[in-house]
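**Student:** What follows is protein-v6.cif, mmCIF, C-alpha atoms.
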data_input
#
loop_
_atom_site.label_atom_id
_atom_site.label_comp_id
_atom_site.auth_asym_id
_atom_site.auth_seq_id
_atom_site.Cartn_x
_atom_site.Cartn_y
_atom_site.Cartn_z
CA MET M 1 11.03 -26.41 30.82
CA GLN M 2 13.70 -28.59 32.38
CA CYS M 3 12.58 -31.14 34.94
CA ILE M 4 13.57 -34.40 36.60
CA GLU M 5 11.61 -37.51 35.70
CA ILE M 6 11.81 -41.06 37.01
CA SER M 7 12.92 -43.07 33.98
CA GLN M 8 12.02 -46.36 35.67
CA PRO M 9 11.70 -47.60 39.26
CA GLY M 10 15.10 -47.95 40.87
CA GLY M 11 17.98 -46.23 42.61
CA PRO M 12 18.93 -42.56 42.53
CA GLU M 13 20.51 -42.99 39.08
CA VAL M 14 17.04 -43.31 37.47
CA LEU M 15 16.39 -39.61 38.09
CA THR M 16 16.83 -38.09 34.64
CA LEU M 17 16.97 -34.48 33.46
CA VAL M 18 14.54 -34.01 30.56
CA GLU M 19 12.64 -31.24 28.77
CA ARG M 20 8.86 -31.09 28.87
CA GLU M 21 6.16 -28.61 28.01
CA ALA M 22 5.58 -26.23 30.92
CA PRO M 23 2.13 -26.53 32.53
CA GLY M 24 -0.44 -23.75 32.50
CA ALA M 25 -2.46 -22.39 35.41
CA GLY M 26 -5.92 -23.94 35.47
CA ALA M 27 -8.94 -22.55 37.27
CA GLY M 28 -8.19 -22.14 40.95
CA GLU M 29 -4.46 -22.63 40.46
CA LEU M 30 -1.22 -20.68 40.51
CA LEU M 31 1.58 -21.31 38.04
CA ILE M 32 4.84 -21.06 39.97
CA GLU M 33 8.27 -20.39 38.50
CA VAL M 34 10.23 -22.65 40.81
CA VAL M 35 13.38 -21.36 42.51
CA ALA M 36 13.84 -24.34 44.83
CA ALA M 37 12.13 -27.63 45.68
CA GLY M 38 12.25 -29.72 48.83
CA VAL M 39 13.36 -33.36 48.77
CA ASN M 40 11.25 -35.72 50.88
CA ARG M 41 11.07 -39.44 51.65
CA PRO M 42 7.86 -39.84 49.63
CA ASP M 43 9.93 -38.75 46.60
CA VAL M 44 12.33 -41.61 47.34
CA MET M 45 9.45 -44.06 47.67
CA GLN M 46 7.96 -42.84 44.39
CA ARG M 47 11.34 -43.27 42.69
CA ARG M 48 11.49 -46.85 43.94
CA GLY M 49 8.03 -47.55 42.52
CA LEU M 50 6.41 -47.85 45.97
CA TYR M 51 4.36 -44.62 46.08
CA PRO M 52 2.65 -43.84 42.77
CA ALA M 53 1.29 -40.37 42.09
CA PRO M 54 -2.44 -40.05 42.81
CA PRO M 55 -4.86 -39.83 39.84
CA GLY M 56 -4.56 -36.53 38.02
CA ALA M 57 -1.23 -35.57 39.62
CA SER M 58 2.04 -35.04 37.76
CA ASP M 59 4.22 -38.13 37.44
CA LEU M 60 7.26 -35.99 38.26
CA PRO M 61 8.58 -36.12 41.84
CA GLY M 62 8.51 -33.11 44.13
CA LEU M 63 5.87 -32.27 46.74
CA GLU M 64 6.94 -28.77 47.83
CA VAL M 65 8.38 -25.73 46.11
CA ALA M 66 9.13 -22.06 46.55
CA GLY M 67 9.36 -19.47 43.83
CA VAL M 68 7.41 -16.63 42.27
CA VAL M 69 3.92 -16.55 40.83
CA ALA M 70 4.16 -16.74 37.02
CA ALA M 71 0.42 -16.82 36.25
CA VAL M 72 -2.86 -16.68 38.16
CA GLY M 73 -5.66 -19.03 37.16
CA ALA M 74 -9.31 -18.10 36.80
CA GLY M 75 -11.17 -17.59 40.04
CA VAL M 76 -8.05 -16.98 42.15
CA SER M 77 -7.88 -13.85 44.29
CA GLY M 78 -5.23 -12.53 46.64
CA TRP M 79 -2.26 -13.40 44.42
CA GLN M 80 -0.44 -11.44 41.72
CA VAL M 81 2.24 -12.30 39.20
CA GLY M 82 5.62 -11.79 40.87
CA ASP M 83 4.50 -12.63 44.42
CA ARG M 84 6.89 -14.81 46.41
CA VAL M 85 5.16 -18.08 47.20
CA CYS M 86 5.72 -21.54 48.64
CA ALA M 87 3.34 -24.37 47.91
CA LEU M 88 2.41 -27.95 48.67
CA THR M 89 2.00 -29.84 45.40
CA SER M 90 0.72 -33.30 44.50
CA GLY M 91 3.85 -33.82 42.38
CA GLY M 92 5.88 -32.04 39.74
CA GLY M 93 8.09 -29.96 42.03
CA TYR M 94 11.39 -31.08 40.48
CA ALA M 95 10.85 -28.71 37.56
CA GLU M 96 11.23 -25.11 36.45
CA TYR M 97 7.46 -24.61 36.55
CA VAL M 98 4.68 -26.28 38.52
CA THR M 99 1.03 -25.61 39.25
CA ALA M 100 -0.64 -25.81 42.64
CA PRO M 101 -4.15 -25.14 43.92
CA ALA M 102 -4.18 -21.62 45.31
CA GLY M 103 -5.46 -22.94 48.65
CA GLN M 104 -2.22 -24.88 49.09
CA CYS M 105 -0.03 -21.81 48.52
CA LEU M 106 1.37 -19.58 51.24
CA PRO M 107 3.28 -16.29 51.09
CA VAL M 108 7.00 -16.40 51.84
CA PRO M 109 7.82 -14.22 54.87
CA ASP M 110 10.12 -11.29 54.15
CA ASN M 111 12.81 -12.66 56.48
CA LEU M 112 13.18 -15.94 54.52
CA ASP M 113 14.87 -16.54 51.18
CA LEU M 114 13.19 -18.78 48.65
CA VAL M 115 15.66 -21.64 49.10
CA ALA M 116 14.82 -21.88 52.80
CA ALA M 117 11.11 -21.44 52.08
CA ALA M 118 11.16 -24.54 49.85
CA GLY M 119 11.69 -26.56 53.02
CA LEU M 120 8.44 -25.37 54.61
CA PRO M 121 5.31 -26.77 52.94
CA GLU M 122 5.55 -30.56 53.14
CA THR M 123 6.96 -30.54 56.67
CA CYS M 124 4.67 -27.82 58.04
CA PHE M 125 1.52 -29.34 56.54
CA THR M 126 2.51 -32.79 57.87
CA VAL M 127 3.38 -31.56 61.35
CA TRP M 128 0.29 -29.41 61.74
CA THR M 129 -2.26 -31.98 60.60
CA ASN M 130 -0.70 -34.82 62.60
CA VAL M 131 0.57 -33.18 65.80
CA PHE M 132 -2.06 -30.48 66.24
CA ASP M 133 -5.15 -31.69 64.36
CA ARG M 134 -5.00 -35.46 64.86
CA GLY M 135 -2.76 -35.39 67.96
CA ARG M 136 -4.57 -32.42 69.53
CA LEU M 137 -1.37 -31.21 71.23
CA GLN M 138 -2.10 -28.40 73.69
CA PRO M 139 0.15 -25.90 75.49
CA GLY M 140 1.55 -27.49 78.63
CA GLU M 141 1.41 -31.01 77.22
CA SER M 142 4.37 -33.11 76.11
CA LEU M 143 5.35 -34.33 72.64
CA LEU M 144 7.81 -37.04 71.63
CA VAL M 145 9.17 -36.71 68.09
CA HIS M 146 10.84 -39.80 66.69
CA GLY M 147 13.38 -38.92 64.01
CA GLY M 148 13.91 -35.53 65.59
CA SER M 149 16.75 -34.53 63.26
CA SER M 150 14.73 -35.09 60.07
CA GLY M 151 12.95 -32.33 58.22
CA ILE M 152 9.69 -33.35 59.89
CA GLY M 153 11.42 -33.65 63.25
CA THR M 154 13.21 -30.30 63.23
CA THR M 155 9.94 -28.64 62.23
CA ALA M 156 7.85 -30.40 64.88
CA ILE M 157 10.32 -29.62 67.66
CA GLN M 158 10.39 -25.91 66.86
CA ILE M 159 6.66 -25.38 66.33
CA ALA M 160 5.57 -27.43 69.35
CA SER M 161 8.05 -25.79 71.72
CA ALA M 162 7.17 -22.32 70.41
CA LEU M 163 3.48 -23.06 71.07
CA GLY M 164 4.09 -24.08 74.66
CA ALA M 165 4.67 -27.84 74.68
CA THR M 166 7.50 -29.77 76.34
CA VAL M 167 9.27 -31.65 73.55
CA TYR M 168 11.35 -34.82 73.60
CA ALA M 169 13.05 -36.41 70.59
CA THR M 170 14.91 -39.47 69.43
CA ALA M 171 17.80 -39.41 66.96
CA GLY M 172 20.62 -41.68 65.83
CA SER M 173 23.78 -39.86 66.94
CA GLU M 174 25.01 -37.48 69.60
CA ALA M 175 25.36 -34.71 67.02
CA LYS M 176 21.74 -35.17 65.97
CA CYS M 177 20.60 -35.24 69.60
CA THR M 178 22.50 -32.02 70.27
CA ALA M 179 20.78 -30.40 67.27
CA CYS M 180 17.38 -31.45 68.62
CA VAL M 181 18.12 -29.86 72.01
CA GLU M 182 19.37 -26.68 70.37
CA LEU M 183 16.08 -26.48 68.45
CA GLY M 184 14.00 -26.71 71.63
CA ALA M 185 13.80 -30.34 72.78
CA SER M 186 14.24 -30.63 76.54
CA ARG M 187 15.71 -34.14 76.17
CA ALA M 188 16.92 -36.04 73.12
CA VAL M 189 17.59 -39.78 73.28
CA ASN M 190 20.21 -41.48 71.10
CA TYR M 191 18.24 -44.59 70.18
CA ARG M 192 21.43 -46.45 69.25
CA GLU M 193 22.64 -46.24 72.85
CA GLU M 194 19.55 -45.90 75.05
CA ASP M 195 15.97 -47.20 75.19
CA PHE M 196 13.78 -44.15 74.68
CA ARG M 197 10.92 -45.68 76.68
CA GLU M 198 13.07 -46.27 79.75
CA VAL M 199 14.76 -42.86 79.54
CA LEU M 200 11.58 -40.84 79.05
CA ASP M 201 9.61 -42.84 81.59
CA ALA M 202 12.23 -41.75 84.10
CA VAL M 203 12.32 -38.15 82.83
CA THR M 204 8.54 -37.84 83.15
CA GLY M 205 8.41 -39.54 86.53
CA GLY M 206 6.28 -42.31 85.09
CA ALA M 207 3.63 -39.90 83.78
CA GLY M 208 4.49 -40.63 80.16
CA VAL M 209 4.10 -38.49 77.05
CA ASP M 210 0.85 -36.95 75.82
CA VAL M 211 1.48 -37.06 72.05
CA ILE M 212 3.94 -39.26 70.14
CA LEU M 213 4.77 -38.55 66.49
CA ASP M 214 6.25 -41.71 65.00
CA MET M 215 7.66 -42.45 61.56
CA VAL M 216 9.32 -45.74 62.57
CA GLY M 217 6.59 -48.22 63.49
CA GLY M 218 7.85 -51.81 63.91
CA ASP M 219 9.10 -52.47 67.42
CA TYR M 220 8.48 -48.81 68.36
CA ILE M 221 4.72 -49.44 68.34
CA ASN M 222 4.63 -51.32 71.64
CA ARG M 223 7.17 -49.03 73.29
CA ASN M 224 5.10 -46.02 72.26
CA ILE M 225 2.04 -47.60 73.89
CA GLN M 226 3.99 -48.29 77.07
CA LEU M 227 5.31 -44.72 77.21
CA ALA M 228 2.10 -42.90 76.34
CA ALA M 229 0.38 -40.94 79.11
CA VAL M 230 -3.21 -41.47 80.16
CA ASP M 231 -5.42 -40.17 77.32
CA GLY M 232 -2.29 -40.12 75.15
CA ARG M 233 -2.35 -39.89 71.35
CA ILE M 234 0.06 -41.82 69.11
CA VAL M 235 0.24 -40.63 65.51
CA ASN M 236 2.11 -42.57 62.83
CA ILE M 237 3.14 -40.88 59.60
CA ALA M 238 5.38 -43.69 58.30
CA TYR M 239 6.49 -47.20 59.15
CA GLN M 240 10.17 -47.30 58.19
CA GLY M 241 10.75 -50.07 60.75
CA GLY M 242 7.85 -52.20 59.55
CA PHE M 243 4.06 -52.21 59.32
CA GLU M 244 3.43 -55.15 61.64
CA ALA M 245 3.57 -55.65 65.40
CA THR M 246 1.92 -57.89 67.99
CA ILE M 247 0.17 -55.54 70.39
CA ASN M 248 -1.07 -56.03 73.93
CA PHE M 249 -4.14 -53.78 73.93
CA VAL M 250 -4.58 -53.79 77.72
CA PRO M 251 -2.63 -50.50 78.20
CA VAL M 252 -4.51 -48.99 75.23
CA LEU M 253 -7.73 -49.78 77.07
CA LEU M 254 -6.61 -48.75 80.55
CA LYS M 255 -4.94 -45.51 79.46
CA ARG M 256 -7.68 -44.60 76.96
CA LEU M 257 -5.12 -44.18 74.19
CA THR M 258 -5.78 -42.99 70.66
CA LEU M 259 -3.78 -44.74 67.92
CA THR M 260 -4.03 -42.98 64.57
CA ALA M 261 -2.11 -42.51 61.34
CA SER M 262 -2.32 -40.48 58.16
CA THR M 263 -0.72 -39.64 54.85
CA LEU M 264 -0.87 -36.17 53.33
CA ARG M 265 -0.62 -36.58 49.56
CA PRO M 266 -3.96 -38.38 48.91
CA GLN M 267 -6.00 -35.87 50.91
CA SER M 268 -8.37 -33.55 49.06
CA ALA M 269 -7.49 -30.04 47.97
CA GLU M 270 -10.12 -28.78 50.42
CA ALA M 271 -8.48 -30.61 53.33
CA LYS M 272 -5.05 -29.27 52.38
CA ALA M 273 -6.44 -25.74 52.05
CA ALA M 274 -7.82 -26.00 55.59
CA ILE M 275 -4.37 -27.02 56.85
CA ALA M 276 -2.82 -24.08 54.97
CA ALA M 277 -5.27 -21.69 56.62
CA SER M 278 -4.28 -22.99 60.06
CA LEU M 279 -0.60 -22.62 59.21
CA ARG M 280 -1.10 -19.06 58.05
CA GLU M 281 -2.87 -18.22 61.31
CA ARG M 282 -0.76 -20.13 63.82
CA VAL M 283 2.67 -20.93 62.33
CA TRP M 284 3.45 -18.15 59.87
CA PRO M 285 3.61 -15.57 62.71
CA LEU M 286 6.31 -17.75 64.31
CA LEU M 287 8.30 -17.57 61.07
CA GLN M 288 7.90 -13.81 60.91
CA GLN M 289 9.03 -13.48 64.54
CA GLY M 290 12.04 -15.72 63.93
CA SER M 291 11.02 -18.23 66.61
CA PHE M 292 10.80 -20.94 63.96
CA LYS M 293 12.81 -21.37 60.76
CA PRO M 294 13.47 -24.29 58.42
CA VAL M 295 16.72 -26.14 59.05
CA ILE M 296 18.51 -26.66 55.72
CA ALA M 297 21.00 -29.53 55.71
CA ALA M 298 22.21 -29.28 52.11
CA THR M 299 21.34 -27.84 48.71
CA PHE M 300 21.95 -29.38 45.30
CA PRO M 301 21.37 -28.06 41.78
CA LEU M 302 18.42 -29.65 39.99
CA THR M 303 20.86 -31.55 37.78
CA GLU M 304 22.18 -33.36 40.87
CA ALA M 305 18.84 -34.69 42.10
CA SER M 306 20.33 -38.18 42.29
CA ALA M 307 22.99 -36.97 44.76
CA ALA M 308 20.26 -35.34 46.84
CA HIS M 309 18.41 -38.65 46.99
CA GLU M 310 21.59 -40.48 47.96
CA LEU M 311 22.00 -38.12 50.91
CA MET M 312 18.35 -38.57 51.88
CA GLU M 313 18.70 -42.35 51.91
CA SER M 314 21.94 -42.19 53.91
CA SER M 315 20.16 -40.39 56.79
CA ARG M 316 23.37 -38.44 57.49
CA HIS M 317 21.62 -35.09 57.24
CA ILE M 318 20.03 -32.86 59.90
CA GLY M 319 17.01 -30.97 58.53
CA LYS M 320 15.88 -30.47 54.95
CA ILE M 321 17.53 -31.26 51.62
CA ILE M 322 16.79 -28.74 48.87
CA LEU M 323 17.11 -28.72 45.08
CA GLN M 324 17.96 -25.31 43.63
CA VAL M 325 16.13 -25.01 40.35
CA GLN M 326 16.81 -21.39 39.35
#
Mind converting the file's structure to structure tokens?

**Tutor:**
Amino acid sequence: MQCIEISQPGGPEVLTLVEREAPGAGAGELLIEVVAAGVNRPDVMQRRGLYPAPPGASDLPGLEVAGVVAAVGAGVSGWQVGDRVCALTSGGGYAEYVTAPAGQCLPVPDNLDLVAAAGLPETCFTVWTNVFDRGRLQPGESLLVHGGSSGIGTTAIQIASALGATVYATAGSEAKCTACVELGASRAVNYREEDFREVLDAVTGGAGVDVILDMVGGDYINRNIQLAAVDGRIVNIAYQGGFEATINFVPVLLKRLTLTASTLRPQSAEAKAAIAASLRERVWPLLQQGSFKPVIAATFPLTEASAAHELMESSRHIGKIILQVQ
């Protein structure tokens, strides 16, 4: 099979098209003939040498794919060769074939093509486990999504608003803010021009925000604490602005705040299967109804993976970046 490997840690140019032996479906796995693969920031970090694959995972980048089932491993039920599938993988998605535990695979709704479906798994798994499991967002509560125009952000805005939350977002341009509002955010703040804490404190009448999904960290940490509502939950999924901050814990104490964080890739197959089951029950009906759909910013052929990474690192995009494999 053809695939993209990381020849050495470095810039986008280290992504190299090579041929390797195609994997086989082990017990409990599906072998997927990949039609498209999503591009995510963890792929960029892995390429730079900052996010190594976990033990036993493929060294190839690529954490989400869509395609058709090519083989069904022993002990797997409910899937047949030829079924349309999207899957969360532990790596190896930038390839013509990849395996995934059956519990991390989900059917592609009839109203979605496979290119769009490749933008679902990593973002949906991340949003569900952080906003709804760890963040415990409930209908009628409010959610602030930092990086609202990213793949994670566009997914969180749509799912949360469809499930009855009031959603706010931050983004880095007026065009991105407009996109967030069109997707369901009631207010989007251009962080280059306004202080999100001041704006949303005014919007909420001082009540603050119940759940904050943050991928920035750094100087956002204290502003998140100041903005959070009583009994608020702040969930970090990345720290692009830095891992360190000096924190005054008095408001954490007085407002009974929960500060938490998580990464998805190192979690067990059982934990990921539980997230997939929740998605199938709660989010997949939204896809089938058309009240949520992946936002695709750009597609590139597999051979242009380096260009896809350049776009990812530029942050010019709104939504997901996809590699078309087949």

**Student:** Selected by the PyMOL selection byres ((chain M and resi 9) around 9) in the shown coordinates: which residues, as a list in words?

**Tutor:**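 Selected by the PyMOL selection byres ((chain M and resi 9) around 9) here: Ile6, Ser7, Gln8, Gly10, Gly11, Val14, Gln46, Arg47, Arg48, Gly49 and Leu50 of chain M.
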
**Student:** Work out how far apart atom CA of Thr303 of chain M and atom CA of Pro61 of chain M are and give it in Å to one decimal.

**Tutor:** 13.7 Å

**Student:** For the structure provided, state which residues fall under the PyMOL selection byres ((chain M and resi 64) around 7), and present them as a CSV table (one decimal) with C-alpha atoms, in the coordinates of the input.

**Tutor:**
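Now in expr_28.csv:
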chain,number,residue,atom,x,y,z
M,37,ALA,CA,12.1,-27.6,45.7
M,38,GLY,CA,12.2,-29.7,48.8
M,62,GLY,CA,8.5,-33.1,44.1
M,63,LEU,CA,5.9,-32.3,46.7
M,65,VAL,CA,8.4,-25.7,46.1
M,87,ALA,CA,3.3,-24.4,47.9
M,88,LEU,CA,2.4,-28.0,48.7
M,89,THR,CA,2.0,-29.8,45.4
M,93,GLY,CA,8.1,-30.0,42.0
M,118,ALA,CA,11.2,-24.5,49.8
M,121,PRO,CA,5.3,-26.8,52.9
M,122,GLU,CA,5.6,-30.6,53.1

**Student:** Could you please determine the separation between atom CA of Gly92 of chain M and atom CA of Asp59 of chain M in Å, to one decimal place?

**Tutor:**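 Atom-to-atom, atom CA of Gly92 of chain M to atom CA of Asp59 of chain M, that is 6.7 Å.
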
**Student:** I'd like to see the residues matched by the PyMOL selection byres ((chain M and resi 143-153) around 7) on this file, and ideally I'd get them as a list in words.

**Tutor:** Thr123, Val127, Glu141, Ser142, Thr154, Thr155, Ala156, Ile157, Ala165, Thr166, Val167, Tyr168, Ala169, Thr170, Ala171, Lys176, Cys180, Val209, Asp210, Val211, Ile212, Leu213, Asp214, Met215, Ile318, Gly319 and Lys320 of chain M

**Student:** Using atom CA of Gly26 of chain M and atom CA of Pro301 of chain M as the two end points, give the distance in Å to one decimal.

**Tutor:**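 Going from atom CA of Gly26 of chain M over to atom CA of Pro301 of chain M covers 28.3 Å.
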
**Student:** For His309 of chain M, which residue among M:Thr263, M:Ser58, M:Gln289, M:Asn40 is the nearest when counting only C-alpha atoms?

**Tutor:**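 Residue with the minimum atom-to-atom distance to His309 of chain M: M:Asn40.
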
**Student:** Pick out the residues sitting within 8 Å of segment 241-258 of chain M, and hand them over as a list of chain:residue names; count all atoms listed in the file, and ignore anything fewer than 3 positions along from it in its own chain.

**Tutor:** M:Val216, M:Gly217, M:Gly218, M:Asp219, M:Ile221, M:Asn222, M:Ile225, M:Gln226, M:Ala228, M:Ala229, M:Val230, M:Asp231, M:Gly232, M:Arg233, M:Ile234

**Student:** For Arg134 of chain M, which residue among M:Ala66, M:Ala175, M:Ile237, M:Gly56 is the nearest when counting all atoms listed in the file?

**Tutor:** M:Ile237

**Student:** How would you write as a list in words the residues that get within 9 Å of (-2.2, -19.8, 52.6) in the file's frame, counting all atoms listed in the file?

**Tutor:**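 Nearby residues: Ala87, Ala102, Gly103, Gln104, Cys105, Leu106, Pro107, Ala273, Ala274, Ile275, Ala276, Ala277, Ser278, Leu279, Arg280 and Glu281 of chain M.
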